[in-house]
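Structure first, commentary second.
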2 protein chains.
Amino acid sequence: MDQIADIKITDRQRAILGIIVEEYVSTARPVASEQIVNNYRVNVSSATVRNDMAELERLGLIVQPHTSAGRIPTDRGYRYFVTNLMHPSALPLDEQRKIRHQFHQVELDAEEWVRLAASVLSRTVHSAAVATAPRSIEVRLKHFELLSISDTRLLLVLVGDEGSVTQQMLTVDEAADQGELSALALKLNNALEGKTAPEIQAWEQAEDIAQLGEFAPMVLKTLTSMLGKLERPESGNVYHEGLSHILEQPEFRVPGRMQQIIELFEQGDVWSTLITSMAGREGVQVIIGEEGTAEGIASCSVVIARYGLEDRMTGLLGVVGPVRMPYSRSVSTVGYMSELLSDLLQRAYSREG
Amino acid sequence: MDQIADIKITDRQRAILGIIVEEYVSTARPVASEQIVNNYRVNVSSATVRNDMAELERLGLIVQPHTSAGRIPTDRGYRYFVTNLMHPSALPLDEQRKIRHQFHQVELDAEEWVRLAASVLSRTVHSAAVATAPRSIEVRLKHFELLSISDTRLLLVLVGDEGSVTQQMLTVDEAADQGELSALALKLNNALEGKTAPEIQAWEQAEDIAQLGEFAPMVLKTLTSMLGKLERPESGNVYHEGLSHILEQPEFRVPGRMQQIIELFEQGDVWSTLITSMAGREGVQVIIGEEGTAEGIASCSVVIARYGLEDRMTGLLGVVGPVRMPYSRSVSTVGYMSELLSDLLQRAYSREG
DNA sequence: GTTAGCACTCGCCAAGCCGGAGTGCCAGAA
DNA sequence: TTCTGGCACTCCGGCTTGGCGAGTGCTAAC
């Protein structure tokens, strides 16, 4: 794609483009030249505005849905707006306070926060919101427990150093005695606390595992696989909320569209591609319509940001809405919410406490 | 409501009602008298069928959407069909095998099974499906662990006797030493293993808690509240899938409807009312349209069943679709799936193993 | 470079019309 | 009685037509 910043247009044309975007975003109807001179203080006549609009259309920034209709922005037009025209301001203080308040109501639980974040975000921007649970870059074993559930079933409960808890049921051929299991768990906990998955594997190579009993190999294998899974960013839960908001938008009145979007949300592998494509990006990212790689999402825009603790844990938070989206508001809200979430995690999980 | 079984109609009228229901369910268009005599072997003329249809309409079992249209079943008509006319047969063996196969592919985890059940169910009946995670009637403490995450944060990990795992983060004023915590956990585990929430409270009353250190009261309080929460049936996760299927149905082409349904699914407190209203009911329940208590769900039918282990753990599994639903197929599929799920749980969680 | 004026193009109803579908009823047959 | 063929009647849905209003592009003049 050619550089959007290089497009040469006059100041007035820039202003007109801005007006068209904002007006269209709020009314969802094509914007006419007359409408512009009436509602905004441009000191020229509608005919002049029309000339400028013709130029903007030539540049591919706006289009007419049909003759005798006003203009609407193209994806390219939105992109120009987002890159050069809008000024995302900080969220008003009272809104900040209202949001913050909701988070202090809730218990200390990262999953819960993320779920709430999706919910708050969707309500604040009147759009759908998605959020992925934070994943650690590197998880160290804090503690694990081996419990005998029945004769042939064990439960392995693993706690990561950041407080994440996972469990896995294991089947064994031979009856396992709880005393034996506890003894094994005690020994291994002492040896492995603070170790990462690869470190555990290395330890396993170096030690004489056989002496630890018949269950040791399976337990070690499960531990490393569970730790590994905790680190994989795409394996975490994806929360989404506010689908109904985006279906209110007139662009989704077209029969097929809605289902497309719902399927998108339900199957969820779009999010994993989004997650991976966000790897390494900083700040709030805006993906407009066709720019998105996923085909289904072509009629949607995504405003998304990373949150988390530098180098330790990270997750994604964003809004999904129609291309005709109030980008400025979305960007500032997503920005604020991701900082807030990072902040909460910071306080909860910083090693100092 | 007057008893649906008491309605007096002739055999032929019964047959005609059955035809109308089945035909309308599969075509979604009003059924005409001519259509009935052409496609089904009724040995009378269309005029006779019309007379019978007039009678069925008088009884409130069918209606005409407008003059010069065929007939469609009313909620009452569907109810009569479900109660007296349909014969839900067992699922074909090859379908049973296909479904069973999918469950054997997946690891031993109740939550995972339930999620899969919702997914399989929705695909099998081409409708939306919901499932709630199984909840124990009575949870006994299997084990808990106290872990110091940072100076002022503790993590309490609780394992129930059926293998459910939950965690809660606790804040403390004073730095907690891991050794001290482990000692406390050891003592309490010994004293409390196998106890239910009320039993723990009773124990707390009887014992001298003060000697166990400053953290003991908080830990005990948290343990009972966590156990209590595990027992509350409406606090479990609700999984739903296949929304897009039901939105394909022509009855949801009406603009507002879709959002209504989606909000219904998103907010989820409809499910908790459903769960409580299912308390004590056995077998597959069918709720048709207006019969449902929730207002939003009036345009939908629900076919739902309980699964679980008698007196030990239980959850809900069902399909949600338009009132124009293939009830026979839904009932047999839901019936089969709930038995399958019970079966899996039985094997995984029976105390014998 | 800007503007007034004007012809031109469409989309969007609303009205009117027509054909088809399906019924209810009736009189006569079994 | 119960059924049936025939027929008038109703109403929906689709199609066409015409008029209105909105908005533009162009041109000629400022």
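Letters A, B, ... go to the chains of the structure tokens in the order shown; residues in each chain start at 1; ligands are counted from 1 in the same order.
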Can you tell me, as number ranges by chain, what residues are no more than 10 Å from B:Gly318 when counting only C-alpha atoms (C1' of nucleotides), ignoring any on the same chain fewer than 5 positions away?
-> B: 117-118, 121-122, 128-132, 240, 284-286, 302-306, 330-331, 333-335, 337-338
Neighbour list for D:DA28 as number ranges by chain, cut-off 12 Å, only C-alpha atoms (C1' of nucleotides), skip fewer than 5 positions in-chain | C: 3-6
When you get a sec, could you note down which chain B residues fall within 10 Å of chain C, using only C-alpha atoms (C1' of nucleotides), as a PyMOL selection string?
-> chain B and resi 31-34+47+50-51+54+64+67-71
Put those residues in a file: N, CA and C atoms, as a short mmCIF file (atom, residue, chain, number, x, y, z; two decimals), in the first residue's frame.
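After the write, result36.cif holds the following:
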data_model
loop_
_atom_site.label_atom_id
_atom_site.label_comp_id
_atom_site.auth_asym_id
_atom_site.auth_seq_id
_atom_site.Cartn_x
_atom_site.Cartn_y
_atom_site.Cartn_z
N VAL B 31 -49.39 -24.55 5.38
CA VAL B 31 -49.72 -25.80 4.70
C VAL B 31 -51.16 -25.73 4.20
N ALA B 32 -51.34 -26.00 2.91
CA ALA B 32 -52.66 -25.92 2.30
C ALA B 32 -53.30 -27.29 2.23
N SER B 33 -54.62 -27.30 2.12
CA SER B 33 -55.35 -28.56 2.10
C SER B 33 -54.95 -29.42 0.89
N GLU B 34 -54.81 -28.77 -0.25
CA GLU B 34 -54.45 -29.47 -1.48
C GLU B 34 -53.09 -30.18 -1.31
N ALA B 47 -61.50 -30.82 0.07
CA ALA B 47 -62.63 -30.15 0.73
C ALA B 47 -62.84 -30.71 2.14
N ARG B 50 -60.30 -29.55 4.37
CA ARG B 50 -60.59 -28.17 4.77
C ARG B 50 -61.57 -28.11 5.93
N ASN B 51 -62.58 -28.99 5.87
CA ASN B 51 -63.54 -29.02 6.97
C ASN B 51 -62.85 -29.38 8.28
N ALA B 54 -60.85 -26.54 9.56
CA ALA B 54 -61.69 -25.53 10.21
C ALA B 54 -61.95 -25.92 11.66
N GLN B 64 -54.67 -19.56 10.52
CA GLN B 64 -54.28 -19.02 9.21
C GLN B 64 -53.57 -17.71 9.45
N THR B 67 -56.33 -14.73 5.45
CA THR B 67 -57.23 -15.45 4.55
C THR B 67 -56.45 -15.83 3.31
N SER B 68 -56.84 -16.90 2.74
CA SER B 68 -56.19 -17.41 1.53
C SER B 68 -54.75 -17.78 1.78
N ALA B 69 -54.46 -18.22 2.97
CA ALA B 69 -53.16 -18.84 3.22
C ALA B 69 -53.45 -20.20 3.82
N GLY B 70 -52.49 -21.06 3.82
CA GLY B 70 -52.66 -22.37 4.46
C GLY B 70 -52.66 -22.19 5.97
N ARG B 71 -52.54 -23.30 6.69
CA ARG B 71 -52.57 -23.24 8.15
C ARG B 71 -51.18 -23.46 8.72
#
If you measure from atom CA of A:Glu107 to atom CA of A:Leu345, what distance in Å do you get, rounded to one decimal?
->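 Computing it gives 12.7 Å between the two atoms.
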Residue list for chain B near chain A as a VMD selection string, 8 Å, only C-alpha atoms | chain B and resid 108 to 109 149 to 153 155 157 161 to 163 165 167 to 170 241 to 244 247 to 248 253 255 259 262 to 263 266 348 to 353
Prev. selection, N, CA and C atoms, output as an mmCIF file, in the first residue's frame:
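Just written: out_11.cif:
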data_model
loop_
_atom_site.group_PDB
_atom_site.id
_atom_site.type_symbol
_atom_site.label_atom_id
_atom_site.label_comp_id
_atom_site.auth_asym_id
_atom_site.auth_seq_id
_atom_site.Cartn_x
_atom_site.Cartn_y
_atom_site.Cartn_z
ATOM 1 N N LEU B 108 -9.823 -35.993 29.711
ATOM 2 C CA LEU B 108 -10.795 -36.236 30.778
ATOM 3 C C LEU B 108 -11.023 -34.975 31.585
ATOM 4 N N ASP B 109 -12.028 -34.233 31.219
ATOM 5 C CA ASP B 109 -12.262 -32.986 31.923
ATOM 6 C C ASP B 109 -13.729 -32.626 31.736
ATOM 7 N N ILE B 149 1.959 -15.488 47.206
ATOM 8 C CA ILE B 149 2.295 -15.013 45.866
ATOM 9 C C ILE B 149 3.192 -13.781 45.957
ATOM 10 N N SER B 150 2.873 -12.905 46.869
ATOM 11 C CA SER B 150 3.753 -11.769 47.125
ATOM 12 C C SER B 150 3.602 -11.436 48.599
ATOM 13 N N ASP B 151 4.224 -10.362 49.029
ATOM 14 C CA ASP B 151 4.207 -10.030 50.456
ATOM 15 C C ASP B 151 2.805 -9.990 51.050
ATOM 16 N N THR B 152 1.882 -9.424 50.288
ATOM 17 C CA THR B 152 0.564 -9.204 50.877
ATOM 18 C C THR B 152 -0.533 -10.002 50.180
ATOM 19 N N ARG B 153 -0.137 -10.949 49.312
ATOM 20 C CA ARG B 153 -1.163 -11.709 48.607
ATOM 21 C C ARG B 153 -0.967 -13.201 48.813
ATOM 22 N N LEU B 155 -2.621 -17.053 47.726
ATOM 23 C CA LEU B 155 -3.517 -17.757 46.833
ATOM 24 C C LEU B 155 -4.043 -18.974 47.563
ATOM 25 N N VAL B 157 -5.987 -22.363 46.948
ATOM 26 C CA VAL B 157 -6.456 -23.285 45.914
ATOM 27 C C VAL B 157 -7.219 -24.402 46.590
ATOM 28 N N ASP B 161 -14.062 -32.905 46.443
ATOM 29 C CA ASP B 161 -13.876 -34.360 46.390
ATOM 30 C C ASP B 161 -14.167 -34.930 45.017
ATOM 31 N N GLU B 162 -14.931 -34.202 44.196
ATOM 32 C CA GLU B 162 -15.198 -34.721 42.855
ATOM 33 C C GLU B 162 -14.166 -34.222 41.856
ATOM 34 N N GLY B 163 -13.148 -33.514 42.352
ATOM 35 C CA GLY B 163 -12.070 -33.109 41.473
ATOM 36 C C GLY B 163 -12.188 -31.702 40.931
ATOM 37 N N VAL B 165 -11.671 -27.802 40.883
ATOM 38 C CA VAL B 165 -10.604 -26.960 41.417
ATOM 39 C C VAL B 165 -11.014 -25.501 41.296
ATOM 40 N N GLN B 167 -9.855 -21.343 42.756
ATOM 41 C CA GLN B 167 -8.838 -20.606 43.502
ATOM 42 C C GLN B 167 -9.377 -19.253 43.888
ATOM 43 N N GLN B 168 -8.770 -18.685 44.891
ATOM 44 C CA GLN B 168 -9.107 -17.315 45.228
ATOM 45 C C GLN B 168 -7.888 -16.606 45.783
ATOM 46 N N MET B 169 -7.728 -15.378 45.343
ATOM 47 C CA MET B 169 -6.624 -14.568 45.833
ATOM 48 C C MET B 169 -7.079 -13.846 47.091
ATOM 49 N N LEU B 170 -6.222 -13.774 48.079
ATOM 50 C CA LEU B 170 -6.562 -13.078 49.321
ATOM 51 C C LEU B 170 -5.517 -12.004 49.590
ATOM 52 N N GLU B 241 -23.648 -22.524 22.108
ATOM 53 C CA GLU B 241 -23.039 -22.548 20.789
ATOM 54 C C GLU B 241 -24.101 -22.689 19.712
ATOM 55 N N GLY B 242 -23.770 -22.244 18.520
ATOM 56 C CA GLY B 242 -24.661 -22.456 17.390
ATOM 57 C C GLY B 242 -25.726 -21.388 17.223
ATOM 58 N N LEU B 243 -25.490 -20.230 17.829
ATOM 59 C CA LEU B 243 -26.416 -19.125 17.641
ATOM 60 C C LEU B 243 -26.704 -18.890 16.167
ATOM 61 N N SER B 244 -25.654 -18.997 15.356
ATOM 62 C CA SER B 244 -25.831 -18.683 13.941
ATOM 63 C C SER B 244 -26.864 -19.612 13.304
ATOM 64 N N LEU B 247 -30.293 -18.290 13.803
ATOM 65 C CA LEU B 247 -30.520 -17.034 13.102
ATOM 66 C C LEU B 247 -30.743 -17.244 11.613
ATOM 67 N N GLU B 248 -30.416 -18.446 11.138
ATOM 68 C CA GLU B 248 -30.696 -18.752 9.731
ATOM 69 C C GLU B 248 -32.191 -18.907 9.504
ATOM 70 N N ARG B 253 -35.725 -13.307 10.612
ATOM 71 C CA ARG B 253 -35.413 -12.267 9.649
ATOM 72 C C ARG B 253 -35.960 -10.913 10.103
ATOM 73 N N PRO B 255 -36.171 -7.696 11.894
ATOM 74 C CA PRO B 255 -35.046 -6.958 12.455
ATOM 75 C C PRO B 255 -34.805 -7.123 13.947
ATOM 76 N N GLN B 259 -31.465 -9.457 17.734
ATOM 77 C CA GLN B 259 -30.770 -8.839 18.859
ATOM 78 C C GLN B 259 -31.326 -9.332 20.184
ATOM 79 N N ILE B 262 -29.859 -12.576 20.874
ATOM 80 C CA ILE B 262 -28.442 -12.497 21.203
ATOM 81 C C ILE B 262 -28.239 -11.946 22.602
ATOM 82 N N GLU B 263 -29.011 -10.926 22.939
ATOM 83 C CA GLU B 263 -28.906 -10.399 24.303
ATOM 84 C C GLU B 263 -29.269 -11.470 25.317
ATOM 85 N N GLU B 266 -26.369 -13.612 25.731
ATOM 86 C CA GLU B 266 -25.210 -12.980 26.349
ATOM 87 C C GLU B 266 -25.384 -12.760 27.842
ATOM 88 N N ALA B 348 -16.018 -41.345 35.158
ATOM 89 C CA ALA B 348 -14.905 -40.527 35.629
ATOM 90 C C ALA B 348 -14.981 -40.283 37.123
ATOM 91 N N TYR B 349 -16.181 -40.150 37.653
ATOM 92 C CA TYR B 349 -16.286 -39.656 39.023
ATOM 93 C C TYR B 349 -16.906 -40.620 40.018
ATOM 94 N N SER B 350 -17.300 -41.780 39.552
ATOM 95 C CA SER B 350 -17.854 -42.704 40.531
ATOM 96 C C SER B 350 -16.773 -42.993 41.542
ATOM 97 N N ARG B 351 -17.141 -43.109 42.775
ATOM 98 C CA ARG B 351 -16.149 -43.235 43.853
ATOM 99 C C ARG B 351 -15.316 -44.489 43.678
ATOM 100 N N GLU B 352 -15.898 -45.502 43.001
ATOM 101 C CA GLU B 352 -15.157 -46.744 42.814
ATOM 102 C C GLU B 352 -14.083 -46.577 41.741
ATOM 103 N N GLY B 353 -14.302 -45.653 40.822
ATOM 104 C CA GLY B 353 -13.277 -45.399 39.816
ATOM 105 C C GLY B 353 -13.599 -46.038 38.540
#
Taking only C-alpha atoms (C1' of nucleotides) into account, produce a table as JSON lines in which each residue of chain D with an atom at most 8 Å from an atom of chain B appears once, together with its shortest atom pair and the distance in Å to one decimal, ordered by chain and rising number.
{"residue": "D:DC3", "atom": "C1'", "partner": "B:Thr48", "partner_atom": "CA", "distance": 6.7}
{"residue": "D:DT4", "atom": "C1'", "partner": "B:Ser45", "partner_atom": "CA", "distance": 6.7}
{"residue": "D:DT10", "atom": "C1'", "partner": "B:Thr67", "partner_atom": "CA", "distance": 6.3}
{"residue": "D:DC11", "atom": "C1'", "partner": "B:Thr67", "partner_atom": "CA", "distance": 6.0}
Can you spit out the residues from that selection as a compact mmCIF listing (two decimals), in the first residue's frame, using C-alpha atoms (C1' of nucleotides)?
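Generated output (again-v8.txt):
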# COMPACT_ATOMS: atom_id res chain seq x y z
C1' DC D 3 -68.00 -36.60 1.66
C1' DT D 4 -67.11 -34.03 -2.64
C1' DT D 10 -60.45 -12.62 -0.01
C1' DC D 11 -56.05 -11.24 0.44
Could you pull out the helix (DSSP H, G or I) residues of stretch 270-320 of chain A from DSSP and send them as a PyMOL selection string?
-> chain A and resi 270-278+289-291+296-299
Identify all residues of stretch 156-341 of chain B in strand (DSSP E or B) (DSSP on the backbone) and supply them as a PyMOL selection string.
-> chain B and resi 156-160+165-171+238-241+285-287+300-309+313-322
Please dump the current selection as a tab-separated table (two decimals), in the first residue's frame; keep N, CA and C atoms.
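Wrote out.tsv, looks like this:
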chain	number	residue	atom	x	y	z
B	156	LEU	N	-5.35	-19.11	47.58
B	156	LEU	CA	-5.95	-20.29	48.19
B	156	LEU	C	-6.50	-21.16	47.06
B	157	VAL	N	-5.99	-22.36	46.95
B	157	VAL	CA	-6.46	-23.29	45.91
B	157	VAL	C	-7.22	-24.40	46.59
B	158	LEU	N	-8.45	-24.60	46.15
B	158	LEU	CA	-9.30	-25.60	46.80
B	158	LEU	C	-9.66	-26.70	45.81
B	159	VAL	N	-9.57	-27.94	46.28
B	159	VAL	CA	-9.99	-29.07	45.45
B	159	VAL	C	-11.15	-29.76	46.14
B	160	GLY	N	-12.24	-29.93	45.42
B	160	GLY	CA	-13.40	-30.63	45.95
B	160	GLY	C	-13.24	-32.12	45.77
B	165	VAL	N	-11.67	-27.80	40.88
B	165	VAL	CA	-10.60	-26.96	41.42
B	165	VAL	C	-11.01	-25.50	41.30
B	166	THR	N	-10.90	-24.76	42.38
B	166	THR	CA	-11.12	-23.31	42.29
B	166	THR	C	-10.03	-22.61	43.09
B	167	GLN	N	-9.86	-21.34	42.76
B	167	GLN	CA	-8.84	-20.61	43.50
B	167	GLN	C	-9.38	-19.25	43.89
B	168	GLN	N	-8.77	-18.69	44.89
B	168	GLN	CA	-9.11	-17.32	45.23
B	168	GLN	C	-7.89	-16.61	45.78
B	169	MET	N	-7.73	-15.38	45.34
B	169	MET	CA	-6.62	-14.57	45.83
B	169	MET	C	-7.08	-13.85	47.09
B	170	LEU	N	-6.22	-13.77	48.08
B	170	LEU	CA	-6.56	-13.08	49.32
B	170	LEU	C	-5.52	-12.00	49.59
B	171	THR	N	-5.95	-10.90	50.15
B	171	THR	CA	-5.01	-9.84	50.53
B	171	THR	C	-4.86	-9.86	52.04
B	238	VAL	N	-21.92	-21.42	31.92
B	238	VAL	CA	-22.93	-21.79	30.94
B	238	VAL	C	-22.29	-21.69	29.56
B	239	TYR	N	-22.32	-22.76	28.84
B	239	TYR	CA	-21.75	-22.74	27.50
B	239	TYR	C	-22.88	-22.72	26.48
B	240	HIS	N	-22.70	-21.93	25.46
B	240	HIS	CA	-23.70	-21.98	24.40
B	240	HIS	C	-23.01	-21.91	23.06
B	241	GLU	N	-23.65	-22.52	22.11
B	241	GLU	CA	-23.04	-22.55	20.79
B	241	GLU	C	-24.10	-22.69	19.71
B	285	GLN	N	-37.50	-32.24	28.95
B	285	GLN	CA	-38.60	-31.30	29.04
B	285	GLN	C	-38.70	-30.48	27.76
B	286	VAL	N	-39.92	-30.18	27.35
B	286	VAL	CA	-40.11	-29.35	26.17
B	286	VAL	C	-40.88	-28.10	26.57
B	287	ILE	N	-40.30	-26.95	26.29
B	287	ILE	CA	-40.97	-25.68	26.58
B	287	ILE	C	-41.24	-25.00	25.26
B	300	CYS	N	-39.19	-18.60	21.09
B	300	CYS	CA	-38.32	-19.76	21.00
B	300	CYS	C	-38.90	-20.94	21.76
B	301	SER	N	-38.46	-22.12	21.36
B	301	SER	CA	-38.76	-23.30	22.14
B	301	SER	C	-37.46	-23.85	22.71
B	302	VAL	N	-37.60	-24.55	23.80
B	302	VAL	CA	-36.43	-25.12	24.46
B	302	VAL	C	-36.70	-26.59	24.73
B	303	VAL	N	-35.73	-27.41	24.38
B	303	VAL	CA	-35.81	-28.83	24.71
B	303	VAL	C	-34.62	-29.12	25.60
B	304	ILE	N	-34.88	-29.53	26.82
B	304	ILE	CA	-33.81	-29.54	27.80
B	304	ILE	C	-33.91	-30.74	28.72
B	305	ALA	N	-32.76	-31.20	29.18
B	305	ALA	CA	-32.76	-32.36	30.07
B	305	ALA	C	-31.67	-32.22	31.11
B	306	ARG	N	-31.86	-32.91	32.19
B	306	ARG	CA	-30.84	-32.95	33.21
B	306	ARG	C	-29.90	-34.10	32.92
B	307	TYR	N	-28.64	-33.91	33.24
B	307	TYR	CA	-27.72	-35.04	33.18
B	307	TYR	C	-26.98	-35.07	34.51
B	308	GLY	N	-26.25	-36.10	34.76
B	308	GLY	CA	-25.44	-36.13	35.97
B	308	GLY	C	-25.52	-37.44	36.69
B	309	LEU	N	-24.98	-37.44	37.89
B	309	LEU	CA	-25.01	-38.64	38.71
B	309	LEU	C	-26.07	-38.45	39.77
B	313	MET	N	-24.10	-35.15	41.35
B	313	MET	CA	-23.82	-33.95	40.56
B	313	MET	C	-24.77	-33.88	39.39
B	314	THR	N	-25.04	-32.67	38.96
B	314	THR	CA	-26.05	-32.52	37.93
B	314	THR	C	-25.80	-31.25	37.12
B	315	GLY	N	-26.22	-31.30	35.87
B	315	GLY	CA	-26.11	-30.14	35.00
B	315	GLY	C	-27.25	-30.19	34.01
B	316	LEU	N	-27.31	-29.18	33.16
B	316	LEU	CA	-28.40	-29.08	32.20
B	316	LEU	C	-27.85	-29.07	30.79
B	317	LEU	N	-28.63	-29.60	29.88
B	317	LEU	CA	-28.19	-29.68	28.50
B	317	LEU	C	-29.42	-29.54	27.63
B	318	GLY	N	-29.36	-28.65	26.67
B	318	GLY	CA	-30.56	-28.50	25.86
B	318	GLY	C	-30.34	-27.76	24.56
B	319	VAL	N	-31.38	-27.72	23.76
B	319	VAL	CA	-31.32	-26.95	22.53
B	319	VAL	C	-32.35	-25.84	22.58
B	320	VAL	N	-32.00	-24.74	21.98
B	320	VAL	CA	-32.90	-23.60	21.88
B	320	VAL	C	-33.09	-23.30	20.41
B	321	GLY	N	-34.30	-23.20	19.99
B	321	GLY	CA	-34.55	-22.96	18.57
B	321	GLY	C	-35.87	-22.25	18.39
B	322	PRO	N	-36.23	-22.02	17.15
B	322	PRO	CA	-37.53	-21.41	16.88
B	322	PRO	C	-38.63	-22.37	17.30
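For A:His87, the set of protein, DNA and RNA residues having any atom at most 12 Å away, when counting only C-alpha atoms (C1' of nucleotides) and skipping those fewer than 4 positions along the same chain, is Gly18, Phe81, Val82, Thr83, Leu91, Pro326, Tyr327, Ser328, Arg329, Ser330, Val331 and Ser332 of chain A.
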For atom CA of A:Met86 and atom CA of A:Glu22, the interatomic separation in Å (one decimal) =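 Between atom CA of A:Met86 and atom CA of A:Glu22 the gap works out to 9.8 Å.
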